[in-house]
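A.B. asks: Pasting work.pdb below, which is PDB, C-alpha atoms.
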```
ATOM      1  CA  SER A   1       0.000   0.000   0.000  1.00  0.00           C
ATOM      2  CA  LEU A   2       3.026   2.261  -0.061  1.00  0.00           C
ATOM      3  CA  LYS A   3       3.706   4.446  -3.062  1.00  0.00           C
ATOM      4  CA  GLY A   4       7.426   3.761  -2.994  1.00  0.00           C
ATOM      5  CA  LYS A   5       9.328   1.417  -0.729  1.00  0.00           C
ATOM      6  CA  ASN A   6      12.600   3.064  -1.756  1.00  0.00           C
ATOM      7  CA  LYS A   7      11.504   6.176   0.121  1.00  0.00           C
ATOM      8  CA  ASN A   8      12.096   4.622   3.551  1.00  0.00           C
ATOM      9  CA  ARG A   9      15.657   5.898   3.892  1.00  0.00           C
ATOM     10  CA  ARG A  10      15.004   9.287   5.486  1.00  0.00           C
ATOM     11  CA  LEU A  11      12.599   8.100   8.190  1.00  0.00           C
ATOM     12  CA  LYS A  12      15.067   5.485   9.398  1.00  0.00           C
ATOM     13  CA  THR A  13      17.037   8.336  10.960  1.00  0.00           C
ATOM     14  CA  MET A  14      14.051   9.166  13.213  1.00  0.00           C
ATOM     15  CA  ALA A  15      13.730   7.446  16.582  1.00  0.00           C
ATOM     16  CA  ARG A  16      10.301   5.904  16.965  1.00  0.00           C
ATOM     17  CA  ALA A  17       8.971   6.817  20.382  1.00  0.00           C
ATOM     18  CA  TYR A  18       5.800   4.703  20.525  1.00  0.00           C
ATOM     19  CA  THR A  19       4.058   1.711  18.955  1.00  0.00           C
ATOM     20  CA  LEU A  20       0.280   1.440  18.787  1.00  0.00           C
ATOM     21  CA  GLU A  21      -1.872  -1.491  17.666  1.00  0.00           C
ATOM     22  CA  VAL A  22      -4.930  -0.553  15.618  1.00  0.00           C
ATOM     23  CA  VAL A  23      -7.668  -2.598  13.958  1.00  0.00           C
ATOM     24  CA  ASN A  24      -9.422  -2.079  10.652  1.00  0.00           C
ATOM     25  CA  ARG A  25     -12.777  -0.490  11.351  1.00  0.00           C
ATOM     26  CA  ASP A  26     -16.027  -2.018  10.252  1.00  0.00           C
ATOM     27  CA  GLN A  27     -17.475   1.025   8.483  1.00  0.00           C
ATOM     28  CA  SER A  28     -20.985  -0.382   8.791  1.00  0.00           C
ATOM     29  CA  LYS A  29     -20.645   0.136  12.549  1.00  0.00           C
ATOM     30  CA  LYS A  30     -21.413   3.694  13.663  1.00  0.00           C
ATOM     31  CA  ALA A  31     -18.833   5.698  15.619  1.00  0.00           C
ATOM     32  CA  LYS A  32     -21.071   5.967  18.689  1.00  0.00           C
ATOM     33  CA  VAL A  33     -21.331   2.166  18.793  1.00  0.00           C
ATOM     34  CA  LEU A  34     -17.549   1.875  18.683  1.00  0.00           C
ATOM     35  CA  ARG A  35     -17.216   4.322  21.557  1.00  0.00           C
ATOM     36  CA  ARG A  36     -19.674   2.304  23.654  1.00  0.00           C
ATOM     37  CA  GLU A  37     -17.317  -0.625  23.062  1.00  0.00           C
ATOM     38  CA  SER A  38     -14.422   1.488  24.429  1.00  0.00           C
ATOM     39  CA  MET A  39     -12.932   1.965  20.967  1.00  0.00           C
ATOM     40  CA  VAL A  40     -11.838   5.264  19.412  1.00  0.00           C
ATOM     41  CA  PRO A  41     -12.466   5.820  15.687  1.00  0.00           C
ATOM     42  CA  ALA A  42      -9.390   7.034  13.802  1.00  0.00           C
ATOM     43  CA  VAL A  43      -8.163   7.867  10.311  1.00  0.00           C
ATOM     44  CA  VAL A  44      -4.656   7.234   9.007  1.00  0.00           C
ATOM     45  CA  TYR A  45      -3.755   9.334   5.976  1.00  0.00           C
ATOM     46  CA  GLY A  46      -0.843  11.053   4.272  1.00  0.00           C
ATOM     47  CA  PRO A  47       1.125  11.417   1.024  1.00  0.00           C
ATOM     48  CA  LYS A  48       3.018   8.154   1.578  1.00  0.00           C
ATOM     49  CA  LEU A  49      -0.186   6.097   1.474  1.00  0.00           C
ATOM     50  CA  GLU A  50      -2.110   5.048  -1.621  1.00  0.00           C
ATOM     51  CA  LYS A  51      -5.354   5.365   0.331  1.00  0.00           C
ATOM     52  CA  ASN A  52      -6.622   6.432   3.717  1.00  0.00           C
ATOM     53  CA  PHE A  53      -7.158   3.804   6.425  1.00  0.00           C
ATOM     54  CA  VAL A  54     -10.240   3.916   8.642  1.00  0.00           C
ATOM     55  CA  VAL A  55      -9.333   2.176  11.889  1.00  0.00           C
ATOM     56  CA  ALA A  56     -10.255   1.859  15.562  1.00  0.00           C
ATOM     57  CA  ILE A  57      -8.073   1.815  18.670  1.00  0.00           C
ATOM     58  CA  GLU A  58      -8.707   0.701  22.232  1.00  0.00           C
ATOM     59  CA  TYR A  59      -9.610   3.733  24.341  1.00  0.00           C
ATOM     60  CA  GLN A  60      -7.129   2.914  27.113  1.00  0.00           C
ATOM     61  CA  LYS A  61      -4.294   2.644  24.595  1.00  0.00           C
ATOM     62  CA  VAL A  62      -5.188   6.030  23.118  1.00  0.00           C
ATOM     63  CA  THR A  63      -5.288   7.784  26.484  1.00  0.00           C
ATOM     64  CA  ALA A  64      -2.005   6.144  27.538  1.00  0.00           C
ATOM     65  CA  LEU A  65      -0.403   7.386  24.323  1.00  0.00           C
ATOM     66  CA  LEU A  66      -1.709  10.941  24.684  1.00  0.00           C
ATOM     67  CA  GLU A  67      -0.430  11.186  28.253  1.00  0.00           C
ATOM     68  CA  LYS A  68       3.139  10.916  26.928  1.00  0.00           C
ATOM     69  CA  ALA A  69       3.236  11.611  23.201  1.00  0.00           C
ATOM     70  CA  LEU A  70       3.513  15.023  21.598  1.00  0.00           C
ATOM     71  CA  GLU A  71       2.509  16.197  18.148  1.00  0.00           C
ATOM     72  CA  THR A  72       6.158  15.694  17.219  1.00  0.00           C
ATOM     73  CA  SER A  73       6.395  12.144  18.570  1.00  0.00           C
ATOM     74  CA  LEU A  74       6.672   9.411  15.965  1.00  0.00           C
ATOM     75  CA  VAL A  75       4.133   6.620  16.415  1.00  0.00           C
ATOM     76  CA  GLY A  76       4.438   3.208  14.767  1.00  0.00           C
ATOM     77  CA  LEU A  77       0.936   2.057  13.808  1.00  0.00           C
ATOM     78  CA  VAL A  78       0.579  -1.710  13.451  1.00  0.00           C
ATOM     79  CA  PHE A  79      -2.479  -3.383  11.894  1.00  0.00           C
ATOM     80  CA  LYS A  80      -3.475  -6.152   9.494  1.00  0.00           C
ATOM     81  CA  ASN A  81      -4.079  -5.265   5.852  1.00  0.00           C
ATOM     82  CA  GLU A  82      -6.674  -6.787   3.526  1.00  0.00           C
ATOM     83  CA  LYS A  83      -4.492  -9.892   3.076  1.00  0.00           C
ATOM     84  CA  GLY A  84      -4.259 -10.455   6.834  1.00  0.00           C
ATOM     85  CA  VAL A  85      -0.598  -9.492   6.925  1.00  0.00           C
ATOM     86  CA  ASN A  86       0.754  -7.154   9.606  1.00  0.00           C
ATOM     87  CA  GLU A  87       1.415  -3.734   8.146  1.00  0.00           C
ATOM     88  CA  GLU A  88       3.197  -0.896   9.891  1.00  0.00           C
ATOM     89  CA  HIS A  89       3.295   2.830   9.201  1.00  0.00           C
ATOM     90  CA  GLU A  90       5.210   5.573  10.982  1.00  0.00           C
ATOM     91  CA  ALA A  91       2.900   8.475  11.723  1.00  0.00           C
ATOM     92  CA  PHE A  92       2.429  11.689  13.676  1.00  0.00           C
ATOM     93  CA  ILE A  93      -0.637  12.604  15.725  1.00  0.00           C
ATOM     94  CA  LYS A  94      -2.294  15.231  13.557  1.00  0.00           C
ATOM     95  CA  SER A  95      -5.456  16.039  15.488  1.00  0.00           C
ATOM     96  CA  VAL A  96      -7.424  14.857  18.506  1.00  0.00           C
ATOM     97  CA  GLN A  97     -11.135  15.469  18.927  1.00  0.00           C
ATOM     98  CA  ARG A  98     -12.602  15.439  22.438  1.00  0.00           C
ATOM     99  CA  ASP A  99     -16.114  15.453  23.806  1.00  0.00           C
ATOM    100  CA  LYS A 100     -16.994  18.985  24.887  1.00  0.00           C
ATOM    101  CA  THR A 101     -18.675  17.795  28.066  1.00  0.00           C
ATOM    102  CA  THR A 102     -16.567  14.864  29.273  1.00  0.00           C
ATOM    103  CA  ASP A 103     -13.268  15.757  27.549  1.00  0.00           C
ATOM    104  CA  LYS A 104     -12.971  12.114  26.477  1.00  0.00           C
ATOM    105  CA  VAL A 105     -11.195  11.382  23.194  1.00  0.00           C
ATOM    106  CA  ILE A 106     -13.788  10.620  20.495  1.00  0.00           C
ATOM    107  CA  HIS A 107     -11.650  10.711  17.325  1.00  0.00           C
ATOM    108  CA  ILE A 108      -8.002  10.905  16.328  1.00  0.00           C
ATOM    109  CA  ASP A 109      -6.158  11.505  13.038  1.00  0.00           C
ATOM    110  CA  PHE A 110      -2.692  10.164  12.206  1.00  0.00           C
ATOM    111  CA  TYR A 111      -0.518  11.605   9.429  1.00  0.00           C
ATOM    112  CA  VAL A 112       1.933   9.373   7.537  1.00  0.00           C
ATOM    113  CA  PRO A 113       4.526  11.642   5.888  1.00  0.00           C
ATOM    114  CA  ALA A 114       6.419  11.026   2.671  1.00  0.00           C
ATOM    115  CA  ASN A 115      10.149  10.959   3.269  1.00  0.00           C
ATOM    116  CA  ASP A 116      10.946  13.272   0.358  1.00  0.00           C
ATOM    117  CA  ARG A 117       8.209  15.824   1.034  1.00  0.00           C
ATOM    118  CA  LYS A 118       8.215  18.546   3.636  1.00  0.00           C
ATOM    119  CA  MET A 119       5.469  18.663   6.238  1.00  0.00           C
ATOM    120  CA  THR A 120       4.122  21.372   8.551  1.00  0.00           C
ATOM    121  CA  ILE A 121       4.204  20.693  12.281  1.00  0.00           C
ATOM    122  CA  ASN A 122       4.224  22.522  15.625  1.00  0.00           C
ATOM    123  CA  ILE A 123       7.399  21.907  17.632  1.00  0.00           C
ATOM    124  CA  PRO A 124       6.972  22.715  21.346  1.00  0.00           C
ATOM    125  CA  PHE A 125       9.456  24.791  23.333  1.00  0.00           C
ATOM    126  CA  ARG A 126      11.035  23.433  26.506  1.00  0.00           C
ATOM    127  CA  PHE A 127      12.140  26.386  28.619  1.00  0.00           C
ATOM    128  CA  THR A 128      15.022  25.572  30.954  1.00  0.00           C
ATOM    129  CA  GLY A 129      16.785  27.491  33.709  1.00  0.00           C
ATOM    130  CA  VAL A 130      15.700  30.228  36.088  1.00  0.00           C
ATOM    131  CA  PRO A 131      16.106  33.680  34.523  1.00  0.00           C
ATOM    132  CA  ALA A 132      18.516  35.992  36.350  1.00  0.00           C
ATOM    133  CA  GLY A 133      15.796  38.645  36.232  1.00  0.00           C
ATOM    134  CA  VAL A 134      13.368  36.387  38.096  1.00  0.00           C
ATOM    135  CA  THR A 135      15.797  36.132  41.014  1.00  0.00           C
ATOM    136  CA  LYS A 136      15.686  39.939  41.105  1.00  0.00           C
ATOM    137  CA  GLY A 137      11.903  40.088  41.296  1.00  0.00           C
ATOM    138  CA  GLY A 138      11.003  39.830  37.625  1.00  0.00           C
ATOM    139  CA  VAL A 139       8.465  37.528  35.978  1.00  0.00           C
ATOM    140  CA  LEU A 140       9.054  35.165  33.034  1.00  0.00           C
ATOM    141  CA  GLN A 141       6.392  35.518  30.334  1.00  0.00           C
ATOM    142  CA  THR A 142       6.093  32.850  27.594  1.00  0.00           C
ATOM    143  CA  PRO A 143       3.411  33.968  25.116  1.00  0.00           C
ATOM    144  CA  HIS A 144       4.253  31.135  22.683  1.00  0.00           C
ATOM    145  CA  HIS A 145       4.703  27.501  23.640  1.00  0.00           C
ATOM    146  CA  ASN A 146       5.581  26.144  20.189  1.00  0.00           C
ATOM    147  CA  ILE A 147       6.736  27.168  16.747  1.00  0.00           C
ATOM    148  CA  THR A 148       5.135  26.165  13.454  1.00  0.00           C
ATOM    149  CA  VAL A 149       7.713  24.970  10.942  1.00  0.00           C
ATOM    150  CA  GLU A 150       7.885  23.288   7.556  1.00  0.00           C
ATOM    151  CA  LEU A 151      10.576  20.614   7.237  1.00  0.00           C
ATOM    152  CA  TYR A 152      11.382  17.063   6.189  1.00  0.00           C
ATOM    153  CA  PRO A 153       9.909  14.404   8.505  1.00  0.00           C
ATOM    154  CA  SER A 154      13.361  13.002   9.265  1.00  0.00           C
ATOM    155  CA  ASP A 155      14.357  16.419  10.666  1.00  0.00           C
ATOM    156  CA  VAL A 156      11.477  16.782  13.136  1.00  0.00           C
ATOM    157  CA  LEU A 157      12.632  17.640  16.650  1.00  0.00           C
ATOM    158  CA  GLU A 158      10.446  16.426  19.503  1.00  0.00           C
ATOM    159  CA  THR A 159      11.096  19.676  21.425  1.00  0.00           C
ATOM    160  CA  ILE A 160      13.284  22.778  21.151  1.00  0.00           C
ATOM    161  CA  THR A 161      15.214  23.591  24.320  1.00  0.00           C
ATOM    162  CA  VAL A 162      15.306  27.307  25.100  1.00  0.00           C
ATOM    163  CA  ASP A 163      17.704  28.327  27.887  1.00  0.00           C
ATOM    164  CA  VAL A 164      16.333  31.404  29.660  1.00  0.00           C
ATOM    165  CA  SER A 165      18.764  31.448  32.606  1.00  0.00           C
ATOM    166  CA  ALA A 166      20.760  34.448  31.298  1.00  0.00           C
ATOM    167  CA  MET A 167      17.699  36.655  30.788  1.00  0.00           C
ATOM    168  CA  ASN A 168      17.478  39.769  32.954  1.00  0.00           C
ATOM    169  CA  ILE A 169      14.546  42.109  33.523  1.00  0.00           C
ATOM    170  CA  ASN A 170      13.452  43.664  30.188  1.00  0.00           C
ATOM    171  CA  ASP A 171      15.285  40.963  28.190  1.00  0.00           C
ATOM    172  CA  HIS A 172      13.375  38.973  25.585  1.00  0.00           C
ATOM    173  CA  LYS A 173      13.872  36.176  23.070  1.00  0.00           C
ATOM    174  CA  THR A 174      12.292  36.158  19.640  1.00  0.00           C
ATOM    175  CA  VAL A 175      11.789  33.643  16.849  1.00  0.00           C
ATOM    176  CA  ALA A 176      15.053  34.940  15.366  1.00  0.00           C
ATOM    177  CA  ASP A 177      16.855  33.509  18.406  1.00  0.00           C
ATOM    178  CA  ILE A 178      15.261  30.115  17.789  1.00  0.00           C
ATOM    179  CA  ILE A 179      15.990  29.775  14.069  1.00  0.00           C
ATOM    180  CA  PRO A 180      19.645  28.732  14.638  1.00  0.00           C
ATOM    181  CA  LEU A 181      18.332  25.828  16.742  1.00  0.00           C
ATOM    182  CA  LEU A 182      16.201  24.479  13.881  1.00  0.00           C
ATOM    183  CA  PRO A 183      17.330  21.824  11.387  1.00  0.00           C
ATOM    184  CA  HIS A 184      18.712  23.097   8.098  1.00  0.00           C
ATOM    185  CA  SER A 185      15.606  22.058   6.148  1.00  0.00           C
ATOM    186  CA  ALA A 186      13.224  23.878   8.489  1.00  0.00           C
ATOM    187  CA  LYS A 187      11.376  27.059   7.565  1.00  0.00           C
ATOM    188  CA  ALA A 188       9.620  28.901  10.387  1.00  0.00           C
ATOM    189  CA  HIS A 189       6.052  30.040   9.761  1.00  0.00           C
ATOM    190  CA  MET A 190       6.278  32.844  12.317  1.00  0.00           C
ATOM    191  CA  GLU A 191       7.661  36.359  12.109  1.00  0.00           C
ATOM    192  CA  GLU A 192      11.262  36.562  13.320  1.00  0.00           C
ATOM    193  CA  THR A 193      10.346  39.509  15.546  1.00  0.00           C
ATOM    194  CA  GLU A 194       7.677  37.512  17.400  1.00  0.00           C
ATOM    195  CA  VAL A 195       8.518  37.340  21.122  1.00  0.00           C
ATOM    196  CA  ILE A 196       8.520  33.843  22.612  1.00  0.00           C
ATOM    197  CA  ALA A 197       9.893  34.683  26.071  1.00  0.00           C
ATOM    198  CA  ALA A 198      10.380  37.864  28.088  1.00  0.00           C
ATOM    199  CA  VAL A 199      11.304  38.824  31.626  1.00  0.00           C
ATOM    200  CA  THR A 200       9.238  41.757  32.844  1.00  0.00           C
ATOM    201  CA  LYS A 201       9.040  43.781  36.025  1.00  0.00           C
ATOM    202  CA  GLN A 202       6.557  42.479  38.543  1.00  0.00           C
ATOM    203  CA  VAL A 203       3.642  44.849  39.014  1.00  0.00           C
ATOM    204  CA  ILE A 204       2.929  45.316  42.714  1.00  0.00           C
ATOM    205  CA  VAL A 205      -0.549  46.573  43.561  1.00  0.00           C
ATOM    206  CA  ASP A 206      -0.670  48.973  46.492  1.00  0.00           C
ATOM    207  CA  THR A 207      -3.497  47.476  48.524  1.00  0.00           C
ATOM    208  CA  THR A 208      -3.486  50.446  50.897  1.00  0.00           C
ATOM    209  CA  ALA A 209      -4.965  52.563  48.128  1.00  0.00           C
ATOM    210  CA  GLU A 210      -7.972  50.259  47.780  1.00  0.00           C
ATOM    211  CA  GLY A 211      -9.503  51.547  50.990  1.00  0.00           C
ATOM    212  CA  ALA A 212      -9.157  55.205  50.029  1.00  0.00           C
ATOM    213  CA  VAL A 213     -12.430  57.070  49.643  1.00  0.00           C
ATOM    214  CA  GLU A 214     -12.790  60.009  47.286  1.00  0.00           C
ATOM    215  CA  GLU A 215     -14.056  63.225  48.840  1.00  0.00           C
ATOM    216  CA  GLY A 216     -17.836  63.324  48.686  1.00  0.00           C
ATOM    217  CA  ALA A 217     -18.114  59.619  47.741  1.00  0.00           C
ATOM    218  CA  ALA A 218     -19.626  56.849  49.793  1.00  0.00           C
ATOM    219  CA  ALA A 219     -17.150  54.486  51.367  1.00  0.00           C
ATOM    220  CA  PRO A 220     -17.412  50.755  50.551  1.00  0.00           C
ATOM    221  CA  GLY A 221     -20.143  49.231  52.680  1.00  0.00           C
ATOM    222  CA  ASP A 222     -21.716  52.650  53.431  1.00  0.00           C
ATOM    223  CA  VAL A 223     -25.264  53.062  52.204  1.00  0.00           C
ATOM    224  CA  PRO A 224     -26.881  56.530  51.785  1.00  0.00           C
ATOM    225  CA  ALA A 225     -29.675  57.236  54.280  1.00  0.00           C
ATOM    226  CA  THR A 226     -32.341  57.279  51.555  1.00  0.00           C
ATOM    227  CA  ALA A 227     -31.273  53.849  50.393  1.00  0.00           C
ATOM    228  CA  GLN A 228     -31.290  52.501  53.949  1.00  0.00           C
ATOM    229  CA  LYS A 229     -34.873  53.597  54.369  1.00  0.00           C
ATOM    230  CA  SER A 230     -35.995  51.989  51.115  1.00  0.00           C
ATOM    231  CA  GLU A 231     -34.244  48.744  52.050  1.00  0.00           C
ATOM    232  CA  LYS A 232     -36.041  48.641  55.410  1.00  0.00           C
ATOM    233  CA  LYS A 233     -39.367  49.097  53.618  1.00  0.00           C
ATOM    234  CA  GLU A 234     -38.572  46.194  51.317  1.00  0.00           C
ATOM    235  CA  GLU A 235     -37.764  43.980  54.319  1.00  0.00           C
ATOM    236  CA  LYS A 236     -41.286  44.563  55.606  1.00  0.00           C
TER     237      LYS A 236
END
```
So that I can check it, write out the structure of this file as structure tokens.
C.D. replies:
Amino acid sequence: SLKGKNKNRRLKTMARAYTLEVVNRDQSKKAKVLRRESMVPAVVYGPKLEKNFVVAIEYQKVTALLEKALETSLVGLVFKNEKGVNEEHEAFIKSVQRDKTTDKVIHIDFYVPANDRKMTINIPFRFTGVPAGVTKGGVLQTPHHNITVELYPSDVLETITVDVSAMNINDHKTVADIIPLLPHSAKAHMEETEVIAAVTKQVIVDTTAEGAVEEGAAAPGDVPATAQKSEKKEEK
């Protein structure tokens, strides 16, 4: 079912983090019936495949995977093809759909990349160290937790480590600081000036000012005499 077996070379450089057993889904069975049987409907697709696979996975196996795996984690999907032979595809978790009320996983998509074609993926940041500015009373702000990049699947990094220990108050790091950490084939889909981390001054609220009462204004908890009278009437 692969378009070209000679295209396996690039992915062999990637460390597979997880293996997941899936079963071919009986498409005559509705998704809600599968879920009652503790199975999660899923689709496996991508440019390396001749066709999409509609499968199902045990719910417990899905939740165990999602507790550890990231979007950038490579997952080996194992299932039997039409001939009853075990078939395996290396894939990334592309999307996860959850129930809005229970937050349970109700559907998952896996993407099987082609080794010679670039793919778009979000690589998460892993911030390490305690900023020097934080020890002086500052606060570390991280407005972005990942970066969207386009690159070859064999070049995908599971995380990007960002050392913030040298950052002082008013220091910041931008996407331009991250680009040197990316693989050569990667192209960032974010502006280089976009701030991903900053150490700012901590704003201290003067609580003594909260009790101040403007001249001529009623203090908190004070009720004008006319209002007190109307309230007593309402109590009757």
A.B. asks: Rounded to one decimal in Å, what is the spacing between CA of Asp109 in chain A and CA of Leu151 in chain A?
C.D. replies: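 CA of Leu151 in chain A lies at a distance of 19.9 Å from CA of Asp109 in chain A.
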A.B. asks: Please provide as a ChimeraX atom specification all residues within 6 Å of range 175-188 of chain A, with the sequence filter that same-chain residues fewer than 3 positions apart are discarded (counting all atoms listed in the file).
C.D. replies: /A:149-151,192,194
A.B. asks: Given all atoms listed in the file as the basis, pick out the residue of A:Val195, A:Leu70, A:Val105, A:Ile169 nearest to Thr142 in chain A.
C.D. replies: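 Between A:Val195, A:Leu70, A:Val105, A:Ile169, the residue approaching Thr142 in chain A most closely is A:Val195.
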A.B. asks: Hey, which of A:His189, A:Lys118, A:His172, A:His145 ends up closest to Pro47 in chain A? Count only C-alpha atoms.
C.D. replies: A:Lys118
A.B. asks: If the PyMOL selection byres ((chain A and resi 144) around 12) is run on the structure shown, which residues does it catch, given as a PyMOL selection string?
C.D. replies: chain A and resi 122-127+141-143+145-148+162+173-175+190+194-198
A.B. asks: Go ahead and dump the residues you just picked, C-alpha atoms, as a compact mmCIF listing (two decimals), in the frame of the given file.
C.D. replies:
```txt
# COMPACT_ATOMS: atom_id res chain seq x y z
CA ASN A 122 4.22 22.52 15.62
CA ILE A 123 7.40 21.91 17.63
CA PRO A 124 6.97 22.72 21.35
CA PHE A 125 9.46 24.79 23.33
CA ARG A 126 11.04 23.43 26.51
CA PHE A 127 12.14 26.39 28.62
CA GLN A 141 6.39 35.52 30.33
CA THR A 142 6.09 32.85 27.59
CA PRO A 143 3.41 33.97 25.12
CA HIS A 145 4.70 27.50 23.64
CA ASN A 146 5.58 26.14 20.19
CA ILE A 147 6.74 27.17 16.75
CA THR A 148 5.14 26.16 13.45
CA VAL A 162 15.31 27.31 25.10
CA LYS A 173 13.87 36.18 23.07
CA THR A 174 12.29 36.16 19.64
CA VAL A 175 11.79 33.64 16.85
CA MET A 190 6.28 32.84 12.32
CA GLU A 194 7.68 37.51 17.40
CA VAL A 195 8.52 37.34 21.12
CA ILE A 196 8.52 33.84 22.61
CA ALA A 197 9.89 34.68 26.07
CA ALA A 198 10.38 37.86 28.09
```
A.B. asks: CA of Gly137 in chain A to CA of Thr200 in chain A: how many Å, to one decimal?
C.D. replies: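 For CA of Gly137 in chain A relative to CA of Thr200 in chain A, the distance reads 9.0 Å.
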A.B. asks: Any chance you could resolve the PyMOL selection byres ((chain A and resi 38) around 12) against this file and give the residues as a PyMOL selection string?
C.D. replies: chain A and resi 31-37+39-41+56-63+104-107
A.B. asks: Quick one: distance from CA of Val22 in chain A to CA of Lys68 in chain A in Å, one decimal?
C.D. replies: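 Distance reported for this atom pair: 18.0 Å.
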A.B. asks: Compile the contact shell of Phe92 in chain A as a ChimeraX atom specification: residues with an atom at most 7 Å away, counting all atoms listed in the file, same-chain residues fewer than 4 positions apart removed.
C.D. replies: /A:71-75,110-112
A.B. asks: List as a PyMOL selection string the residues having at least one atom at most 10 Å from position (0.3, 8.0, 5.6) as given in the file, counting all atoms listed in the file.
C.D. replies: chain A and resi 1-3+43-53+89-92+110-114
A.B. asks: Centre and edge lengths, as AutoDock Vina command-line options, for the axis-aligned box enclosing every listed atom of range 71-84 of chain A with 5 Å of padding on each of the six sides, in Å to one decimal?
C.D. replies:
```
--center_x 0.0 --center_y 2.9 --center_z 10.8 --size_x 23.3 --size_y 36.7 --size_z 25.5
```
A.B. asks: Starting from the displayed file, determine the output of the PyMOL selection byres ((chain A and resi 78) around 6) and express the residue list as an NGL selection string.
C.D. replies: :A and (21 or 77 or 79 or 87-88)
A.B. asks: Return the single residue from A:Thr135, A:Thr193, A:Ser95, A:Ser154 that is closest to Ala166 in chain A, with distances computed using all atoms listed in the file.
C.D. replies: A:Thr135
A.B. asks: Using all atoms listed in the file, which protein or nucleic acid residues come within 9 Å of Val134 in chain A? Drop anything in the same chain fewer than 6 positions from it, and give the result as number ranges by chain.
C.D. replies: A: 140, 167-169, 199-201
A.B. asks: Which is closer to Gly129 in chain A than all the others in A:Asn170, A:Ser165, A:Gln202, A:Asn24, using all atoms listed in the file?
C.D. replies: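 Smallest separation from Gly129 in chain A among the options: A:Ser165.
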A.B. asks: Could you check which of A:Asp116, A:Pro153, A:Asp163, A:Asp26 is closest to Val130 in chain A, using all atoms listed in the file?
C.D. replies: A:Asp163
